[in-house]
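**Student:** Contents of upload25.cif (mmCIF, C-alpha atoms and all ligand atoms) are given next:
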```cif
data_protein
#
loop_
_atom_site.label_atom_id
_atom_site.label_comp_id
_atom_site.auth_asym_id
_atom_site.auth_seq_id
_atom_site.Cartn_x
_atom_site.Cartn_y
_atom_site.Cartn_z
CA MET M 30 39.05 -5.37 17.58
CA ALA M 31 36.68 -6.92 20.04
CA THR M 32 38.15 -8.25 23.24
CA SER M 33 36.82 -10.61 25.85
CA ASP M 34 35.73 -7.52 27.79
CA THR M 35 33.02 -7.07 25.19
CA ALA M 36 31.11 -9.94 26.74
CA LEU M 37 30.73 -7.85 29.85
CA ALA M 38 29.62 -4.87 27.78
CA ALA M 39 26.62 -6.54 26.17
CA PRO M 40 24.05 -3.74 26.50
CA ALA M 41 21.37 -4.77 28.97
CA ALA M 42 18.61 -3.16 26.93
CA LEU M 43 19.53 -5.17 23.83
CA VAL M 44 19.89 -8.36 25.86
CA ALA M 45 16.36 -7.82 27.19
CA GLN M 46 15.05 -7.24 23.66
CA LEU M 47 16.79 -10.37 22.43
CA VAL M 48 15.25 -12.45 25.21
CA LEU M 49 11.87 -11.03 24.22
CA ALA M 50 12.55 -11.81 20.54
CA ASN M 51 13.24 -15.44 21.48
CA HIS M 52 9.96 -15.68 23.36
CA ILE M 53 7.92 -13.92 20.66
CA LEU M 54 9.25 -16.21 17.92
CA ALA M 55 8.42 -19.26 20.03
CA ALA M 56 4.93 -17.98 20.83
CA ARG M 57 4.26 -17.25 17.13
CA GLY M 58 5.28 -20.79 16.14
CA VAL M 59 8.31 -19.68 14.12
CA VAL M 60 10.74 -21.56 16.35
CA ASP M 61 10.14 -24.54 18.64
CA GLY M 62 12.83 -26.52 20.41
CA PHE M 63 15.12 -25.36 17.62
CA GLY M 64 15.88 -22.14 15.77
CA HIS M 65 17.68 -19.03 17.01
CA VAL M 66 17.75 -15.26 16.82
CA SER M 67 20.71 -12.90 17.16
CA ALA M 68 21.41 -9.16 17.15
CA ARG M 69 24.54 -7.31 16.14
CA HIS M 70 26.21 -5.38 18.95
CA PRO M 71 25.20 -1.72 18.51
CA SER M 72 28.72 -0.31 18.89
CA GLU M 73 30.99 -3.29 18.05
CA ALA M 74 30.20 -4.16 14.45
CA ASP M 75 32.19 -7.38 14.57
CA VAL M 76 30.31 -8.73 17.58
CA PHE M 77 26.84 -10.20 17.86
CA LEU M 78 24.64 -11.38 20.70
CA LEU M 79 23.16 -14.88 20.74
CA SER M 80 21.83 -17.30 23.32
CA ARG M 81 23.71 -20.43 24.27
CA SER M 82 22.19 -23.61 22.83
CA ARG M 83 18.72 -23.57 24.30
CA ALA M 84 15.08 -23.71 23.16
CA PRO M 85 14.13 -20.08 22.45
CA ALA M 86 11.10 -20.10 24.77
CA LEU M 87 13.43 -20.92 27.69
CA VAL M 88 16.09 -18.29 26.94
CA THR M 89 16.86 -15.81 29.72
CA ALA M 90 19.29 -12.88 29.89
CA ALA M 91 21.89 -15.14 31.53
CA ASP M 92 21.97 -17.30 28.38
CA ILE M 93 22.89 -14.43 26.06
CA GLY M 94 26.55 -14.09 25.15
CA CYS M 95 28.73 -12.17 22.70
CA TYR M 96 30.37 -13.85 19.69
CA ASP M 97 32.91 -12.69 17.13
CA LEU M 98 32.53 -13.09 13.38
CA GLU M 99 34.40 -16.40 13.50
CA GLY M 100 31.54 -17.69 15.65
CA ASN M 101 33.71 -17.84 18.76
CA PRO M 102 32.20 -16.87 22.11
CA LEU M 103 33.85 -13.81 23.65
CA GLY M 104 34.40 -14.55 27.29
CA GLU M 105 32.52 -17.12 29.29
CA ILE M 106 29.22 -18.54 28.14
CA CYS M 107 27.38 -20.96 30.38
CA GLY M 108 26.80 -24.10 28.34
CA ALA M 109 27.36 -25.06 24.71
CA PRO M 110 26.94 -22.63 21.82
CA TYR M 111 24.49 -23.29 19.01
CA LEU M 112 26.07 -25.55 16.36
CA GLU M 113 24.67 -23.29 13.65
CA ARG M 114 25.99 -19.97 14.99
CA PHE M 115 27.93 -19.58 11.71
CA ILE M 116 24.65 -18.68 10.02
CA HIS M 117 24.75 -15.50 12.07
CA SER M 118 28.48 -14.74 12.02
CA GLU M 119 28.81 -15.04 8.26
CA ILE M 120 25.69 -13.02 7.45
CA TYR M 121 26.91 -10.21 9.72
CA ARG M 122 30.27 -10.37 7.98
CA ALA M 123 28.77 -10.30 4.48
CA ARG M 124 26.00 -7.78 5.14
CA PRO M 125 27.01 -4.64 7.07
CA ASP M 126 23.38 -3.44 6.85
CA VAL M 127 22.09 -6.44 8.80
CA MET M 128 21.55 -5.89 12.53
CA ALA M 129 19.56 -9.03 13.35
CA VAL M 130 19.14 -12.58 12.02
CA VAL M 131 16.51 -15.25 12.64
CA HIS M 132 17.04 -18.88 11.66
CA SER M 133 14.11 -21.28 11.90
CA HIS M 134 12.56 -24.46 10.59
CA SER M 135 9.10 -22.87 10.41
CA PRO M 136 7.02 -25.56 8.73
CA SER M 137 5.05 -23.73 6.04
CA VAL M 138 8.27 -22.49 4.42
CA ILE M 139 9.85 -25.95 4.03
CA PRO M 140 7.81 -27.03 0.96
CA PHE M 141 9.14 -24.01 -0.95
CA GLY M 142 12.76 -24.88 -0.27
CA VAL M 143 12.39 -28.47 -1.46
CA THR M 144 10.59 -27.56 -4.69
CA GLY M 145 12.77 -24.60 -5.61
CA GLN M 146 9.71 -22.33 -5.47
CA ARG M 147 10.46 -18.83 -4.29
CA LEU M 148 8.54 -17.28 -1.46
CA ARG M 149 6.91 -14.24 -3.08
CA PRO M 150 4.75 -11.53 -1.51
CA VAL M 151 1.05 -12.43 -1.77
CA PHE M 152 0.03 -9.48 0.42
CA HIS M 153 1.41 -6.16 1.54
CA MET M 154 2.57 -7.37 4.95
CA SER M 155 5.29 -9.43 3.28
CA GLY M 156 6.56 -6.75 0.92
CA PHE M 157 10.03 -7.40 2.32
CA LEU M 158 10.11 -10.52 0.13
CA GLY M 159 10.53 -8.20 -2.85
CA SER M 160 10.93 -10.17 -6.05
CA GLY M 161 11.30 -13.39 -4.07
CA SER M 162 13.36 -15.32 -1.56
CA ALA M 163 16.86 -16.62 -2.21
CA HIS M 164 17.59 -20.36 -2.31
CA PHE M 165 20.38 -22.38 -0.70
CA ASP M 166 21.20 -26.07 -1.00
CA SER M 167 23.91 -27.40 1.32
CA ARG M 168 24.49 -30.25 -1.15
CA ASP M 169 26.04 -27.77 -3.57
CA SER M 170 28.74 -27.05 -0.98
CA VAL M 171 29.35 -30.30 0.87
CA GLY M 172 27.31 -33.02 -0.83
CA ASP M 173 25.34 -35.29 1.47
CA SER M 174 25.46 -34.03 5.06
CA ASP M 175 23.27 -33.55 8.14
CA LEU M 176 22.27 -30.22 6.50
CA LEU M 177 23.39 -28.18 9.52
CA ILE M 178 25.44 -25.02 9.04
CA ARG M 179 28.20 -26.23 11.32
CA SER M 180 31.23 -24.43 9.84
CA PRO M 181 32.25 -20.91 8.79
CA ALA M 182 32.60 -22.17 5.20
CA LEU M 183 28.97 -23.33 5.11
CA GLY M 184 27.90 -20.07 6.75
CA ARG M 185 29.71 -18.18 4.01
CA ALA M 186 27.99 -20.25 1.32
CA LEU M 187 24.64 -19.47 2.93
CA ALA M 188 25.43 -15.75 3.20
CA THR M 189 26.45 -15.76 -0.47
CA ALA M 190 23.16 -17.40 -1.42
CA LEU M 191 21.25 -14.82 0.65
CA GLY M 192 22.93 -12.03 -1.31
CA ALA M 193 20.99 -8.80 -0.90
CA CYS M 194 17.70 -10.61 -0.13
CA ALA M 195 15.80 -10.51 3.16
CA CYS M 196 15.11 -14.25 3.23
CA VAL M 197 16.92 -17.38 2.12
CA LEU M 198 15.26 -20.80 1.97
CA MET M 199 17.46 -23.72 2.94
CA ARG M 200 16.55 -26.89 1.07
CA GLY M 201 15.37 -29.67 3.38
CA HIS M 202 16.21 -27.63 6.45
CA GLY M 203 14.51 -24.27 7.04
CA SER M 204 15.04 -20.61 6.34
CA THR M 205 16.92 -17.56 7.53
CA VAL M 206 15.81 -13.93 7.50
CA ALA M 207 17.90 -10.82 8.04
CA GLY M 208 16.80 -7.37 9.11
CA SER M 209 18.10 -3.91 9.84
CA SER M 210 16.79 -4.14 13.41
CA LEU M 211 15.76 -6.88 15.81
CA GLN M 212 12.11 -5.87 15.52
CA GLN M 213 12.29 -5.96 11.72
CA ALA M 214 13.97 -9.38 11.64
CA VAL M 215 11.34 -10.84 13.99
CA TYR M 216 8.57 -9.26 11.93
CA ARG M 217 10.06 -10.79 8.77
CA ALA M 218 10.40 -14.25 10.31
CA VAL M 219 6.77 -14.18 11.47
CA TYR M 220 5.44 -12.95 8.12
CA ALA M 221 7.62 -15.30 6.04
CA GLU M 222 5.75 -18.15 7.72
CA VAL M 223 2.36 -16.42 7.30
CA ASN M 224 3.10 -15.66 3.64
CA ALA M 225 4.15 -19.26 3.00
CA ARG M 226 0.79 -20.52 4.29
CA MET M 227 -1.13 -18.04 2.18
CA GLN M 228 1.00 -18.55 -0.92
CA THR M 229 0.49 -22.32 -0.72
CA ALA M 230 -3.27 -21.77 -0.49
CA ALA M 231 -3.27 -19.28 -3.38
CA MET M 232 -1.18 -21.54 -5.64
CA GLY M 233 -3.72 -24.31 -5.12
CA LEU M 234 -6.52 -22.04 -6.34
CA GLY M 235 -4.93 -20.85 -9.54
CA PRO M 236 -2.41 -18.46 -11.07
CA VAL M 237 -1.28 -15.97 -8.42
CA THR M 238 -0.90 -12.22 -8.88
CA TYR M 239 1.99 -11.32 -6.58
CA LEU M 240 2.90 -7.82 -5.52
CA SER M 241 5.03 -6.18 -8.17
CA GLU M 242 8.58 -5.35 -7.17
CA ARG M 243 7.59 -1.69 -6.83
CA GLU M 244 4.50 -2.52 -4.74
CA ALA M 245 6.61 -4.76 -2.56
CA ALA M 246 9.18 -2.01 -1.99
CA LEU M 247 6.51 0.57 -1.15
CA ALA M 248 4.69 -1.84 1.18
CA ALA M 249 7.96 -2.79 2.91
CA GLU M 250 8.74 0.88 3.49
CA ALA M 251 5.30 1.46 5.02
CA ASN M 252 5.58 -1.65 7.20
CA ASP M 253 9.02 -0.73 8.44
CA SER M 254 7.55 2.29 10.21
CA GLN M 255 5.00 0.03 11.93
CA THR M 256 7.01 -2.92 13.21
CA GLY M 257 6.83 -1.48 16.74
CA ARG M 258 3.06 -1.88 16.67
CA ALA M 259 3.25 -5.62 15.97
CA TRP M 260 6.08 -6.01 18.48
CA ALA M 261 4.00 -4.33 21.20
CA LEU M 262 1.11 -6.72 20.54
CA TRP M 263 3.33 -9.79 20.53
CA GLU M 264 4.98 -8.64 23.74
CA HIS M 265 1.55 -8.04 25.30
CA GLU M 266 0.37 -11.50 24.31
CA LEU M 267 3.40 -13.03 26.02
CA ALA M 268 2.43 -11.58 29.38
CA GLY M 269 1.93 -14.38 31.83
CA THR M 270 3.11 -17.06 29.39
CA ALA M 271 6.89 -16.69 29.65
CA GLU M 272 9.52 -15.37 31.94
CA THR M 273 11.34 -12.36 30.60
MN MN C 1 18.66 -25.23 11.58
#
```
Please express the file's structure as structure tokens.
**Tutor:**
Amino acid sequence: MATSDTALAAPAALVAQLVLANHILAARGVVDGFGHVSARHPSEADVFLLSRSRAPALVTAADIGCYDLEGNPLGEICGAPYLERFIHSEIYRARPDVMAVVHSHSPSVIPFGVTGQRLRPVFHMSGFLGSGSAHFDSRDSVGDSDLLIRSPALGRALATALGACACVLMRGHGSTVAGSSLQQAVYRAVYAEVNARMQTAAMGLGPVTYLSEREAALAAEANDSQTGRAWALWEHELAGTAET
């Protein structure tokens, strides 16, 4: 059972990577003033690390705190927590394989959520989309609302909708991706947005030949060994543009 001491034990290396993930996602246009990224604690499976409520580009190590799977901060956090932290807590609870989660309102993905179209892999870099994204509509759980995932119950409904997928579209709101590492989750969030742009363009031209499920799986496996290469570039491109 995690205790409040866990907050003090947040591994500095992971905190630094999470700060970097915040800045990379902002620089790539996946998040803006809103959106958030978290990482599961490497040795406390029922704890995850997340910034306090802050625009990702401005996040520093001092903003990162530990949370339990009820979405409660463990120990002191300076400032308010994100309202939608239950996205993270409930996905970590439902998916033991998930080590990092990115929630965003990245714009090219939104049209898919509101039309019920699945995001499907149009090129090998987005093989993680497999046979397609999952779909979530908050109206099915709570009727008309502000669409925010502001309770554990809504987080659970979202995690259920995600199922075993890598990406769930949230109707009229945004999307959430999960990964087995922080680098993989960031990669997936970046390429979900890229794929959405390309898929929209392709659908306007004519019938689309998507990667087959087998191609997608093989491509995802190949890409998973290369996420460090993209991460290194994105980190390099941040130099001089953000404080880390
Ligand atoms: Mn949101």
**Student:** So which residues are near ligand MN 1 (chain C), meaning at most 10 Å away with all atoms listed in the file counted, given back as a CSV table (one decimal) with C-alpha atoms, in the frame of the given file?
**Tutor:**
```
chain,number,residue,atom,x,y,z
M,60,VAL,CA,10.7,-21.6,16.4
M,63,PHE,CA,15.1,-25.4,17.6
M,64,GLY,CA,15.9,-22.1,15.8
M,65,HIS,CA,17.7,-19.0,17.0
M,111,TYR,CA,24.5,-23.3,19.0
M,112,LEU,CA,26.1,-25.6,16.4
M,113,GLU,CA,24.7,-23.3,13.6
M,114,ARG,CA,26.0,-20.0,15.0
M,116,ILE,CA,24.6,-18.7,10.0
M,132,HIS,CA,17.0,-18.9,11.7
M,133,SER,CA,14.1,-21.3,11.9
M,134,HIS,CA,12.6,-24.5,10.6
M,135,SER,CA,9.1,-22.9,10.4
M,176,LEU,CA,22.3,-30.2,6.5
M,177,LEU,CA,23.4,-28.2,9.5
M,178,ILE,CA,25.4,-25.0,9.0
M,179,ARG,CA,28.2,-26.2,11.3
M,199,MET,CA,17.5,-23.7,2.9
M,201,GLY,CA,15.4,-29.7,3.4
M,202,HIS,CA,16.2,-27.6,6.4
M,203,GLY,CA,14.5,-24.3,7.0
M,204,SER,CA,15.0,-20.6,6.3
M,205,THR,CA,16.9,-17.6,7.5
```
**Student:** Mind giving me the straight-line distance from atom CA of Val197 of chain M to atom CA of Ser162 of chain M in Å, one decimal?
**Tutor:**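 Between atom CA of Val197 of chain M and atom CA of Ser162 of chain M the gap works out to 5.5 Å.
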**Student:** By how many Å are atom CA of Ala74 of chain M and atom CA of Ile53 of chain M apart?
**Tutor:**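 Taking atom CA of Ala74 of chain M and atom CA of Ile53 of chain M, their separation equals 25.1 Å.
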**Student:** Quick one: residues within 10 Å of Leu49 of chain M, only C-alpha atoms counted, chain neighbours fewer than 3 positions away excluded, as an MDAnalysis selection string?
**Tutor:** chainID M and resid 43:46 52:55 85:86 88:90 260 263:264 267 271:273
**Student:** Find the spatial neighbours of Thr229 of chain M, counting all atoms listed in the file, within a cut-off of 10 Å - ignore same-chain residues fewer than 2 positions away - and output them as a list in words.
**Tutor:**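 Counting all atoms listed in the file, the residues come to Ser137, Val138, Pro140, Phe141, Leu148, Val151, Asn224, Ala225, Arg226, Met227, Ala231, Met232, Gly233 and Leu234 of chain M.
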**Student:** Rounded to one decimal, what separation in Å do you get between atom CA of Arg258 of chain M and atom CA of Leu211 of chain M?
**Tutor:**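 Spanning atom CA of Arg258 of chain M to atom CA of Leu211 of chain M is a straight-line distance of 13.7 Å.
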**Student:** Complete segment 96-107 of chain M at the level of N, CA, C and O atoms, written as an mmCIF file, in the frame of the given file.
**Tutor:**
```
data_model
loop_
_atom_site.group_PDB
_atom_site.id
_atom_site.type_symbol
_atom_site.label_atom_id
_atom_site.label_comp_id
_atom_site.auth_asym_id
_atom_site.auth_seq_id
_atom_site.Cartn_x
_atom_site.Cartn_y
_atom_site.Cartn_z
ATOM 1 N N TYR M 96 29.578 -13.004 20.587
ATOM 2 C CA TYR M 96 30.370 -13.850 19.690
ATOM 3 C C TYR M 96 31.069 -12.974 18.669
ATOM 4 O O TYR M 96 30.555 -11.921 18.279
ATOM 5 N N ASP M 97 32.245 -13.422 18.215
ATOM 6 C CA ASP M 97 32.910 -12.690 17.130
ATOM 7 C C ASP M 97 32.464 -13.262 15.787
ATOM 8 O O ASP M 97 31.663 -14.204 15.729
ATOM 9 N N LEU M 98 32.999 -12.692 14.708
ATOM 10 C CA LEU M 98 32.530 -13.090 13.380
ATOM 11 C C LEU M 98 33.157 -14.393 12.898
ATOM 12 O O LEU M 98 32.888 -14.846 11.782
ATOM 13 N N GLU M 99 33.968 -15.019 13.760
ATOM 14 C CA GLU M 99 34.400 -16.400 13.500
ATOM 15 C C GLU M 99 33.435 -17.381 14.171
ATOM 16 O O GLU M 99 33.588 -18.596 14.045
ATOM 17 N N GLY M 100 32.477 -16.839 14.924
ATOM 18 C CA GLY M 100 31.540 -17.690 15.650
ATOM 19 C C GLY M 100 32.061 -18.118 17.004
ATOM 20 O O GLY M 100 31.486 -19.000 17.650
ATOM 21 N N ASN M 101 33.154 -17.487 17.456
ATOM 22 C CA ASN M 101 33.710 -17.840 18.760
ATOM 23 C C ASN M 101 33.069 -17.010 19.866
ATOM 24 O O ASN M 101 32.938 -15.794 19.721
ATOM 25 N N PRO M 102 32.711 -17.653 20.979
ATOM 26 C CA PRO M 102 32.200 -16.870 22.110
ATOM 27 C C PRO M 102 33.295 -15.956 22.657
ATOM 28 O O PRO M 102 34.467 -16.338 22.712
ATOM 29 N N LEU M 103 32.916 -14.759 23.043
ATOM 30 C CA LEU M 103 33.850 -13.810 23.650
ATOM 31 C C LEU M 103 33.624 -13.859 25.154
ATOM 32 O O LEU M 103 32.577 -13.447 25.628
ATOM 33 N N GLY M 104 34.588 -14.391 25.857
ATOM 34 C CA GLY M 104 34.400 -14.550 27.290
ATOM 35 C C GLY M 104 33.611 -15.810 27.585
ATOM 36 O O GLY M 104 33.396 -16.659 26.707
ATOM 37 N N GLU M 105 33.193 -15.913 28.814
ATOM 38 C CA GLU M 105 32.520 -17.120 29.290
ATOM 39 C C GLU M 105 31.082 -17.166 28.794
ATOM 40 O O GLU M 105 30.377 -16.169 28.823
ATOM 41 N N ILE M 106 30.653 -18.330 28.294
ATOM 42 C CA ILE M 106 29.220 -18.540 28.140
ATOM 43 C C ILE M 106 28.893 -19.793 28.945
ATOM 44 O O ILE M 106 29.718 -20.700 29.063
ATOM 45 N N CYS M 107 27.726 -19.797 29.553
ATOM 46 C CA CYS M 107 27.380 -20.960 30.380
ATOM 47 C C CYS M 107 26.691 -21.973 29.481
ATOM 48 O O CYS M 107 25.592 -21.762 29.009
#
```
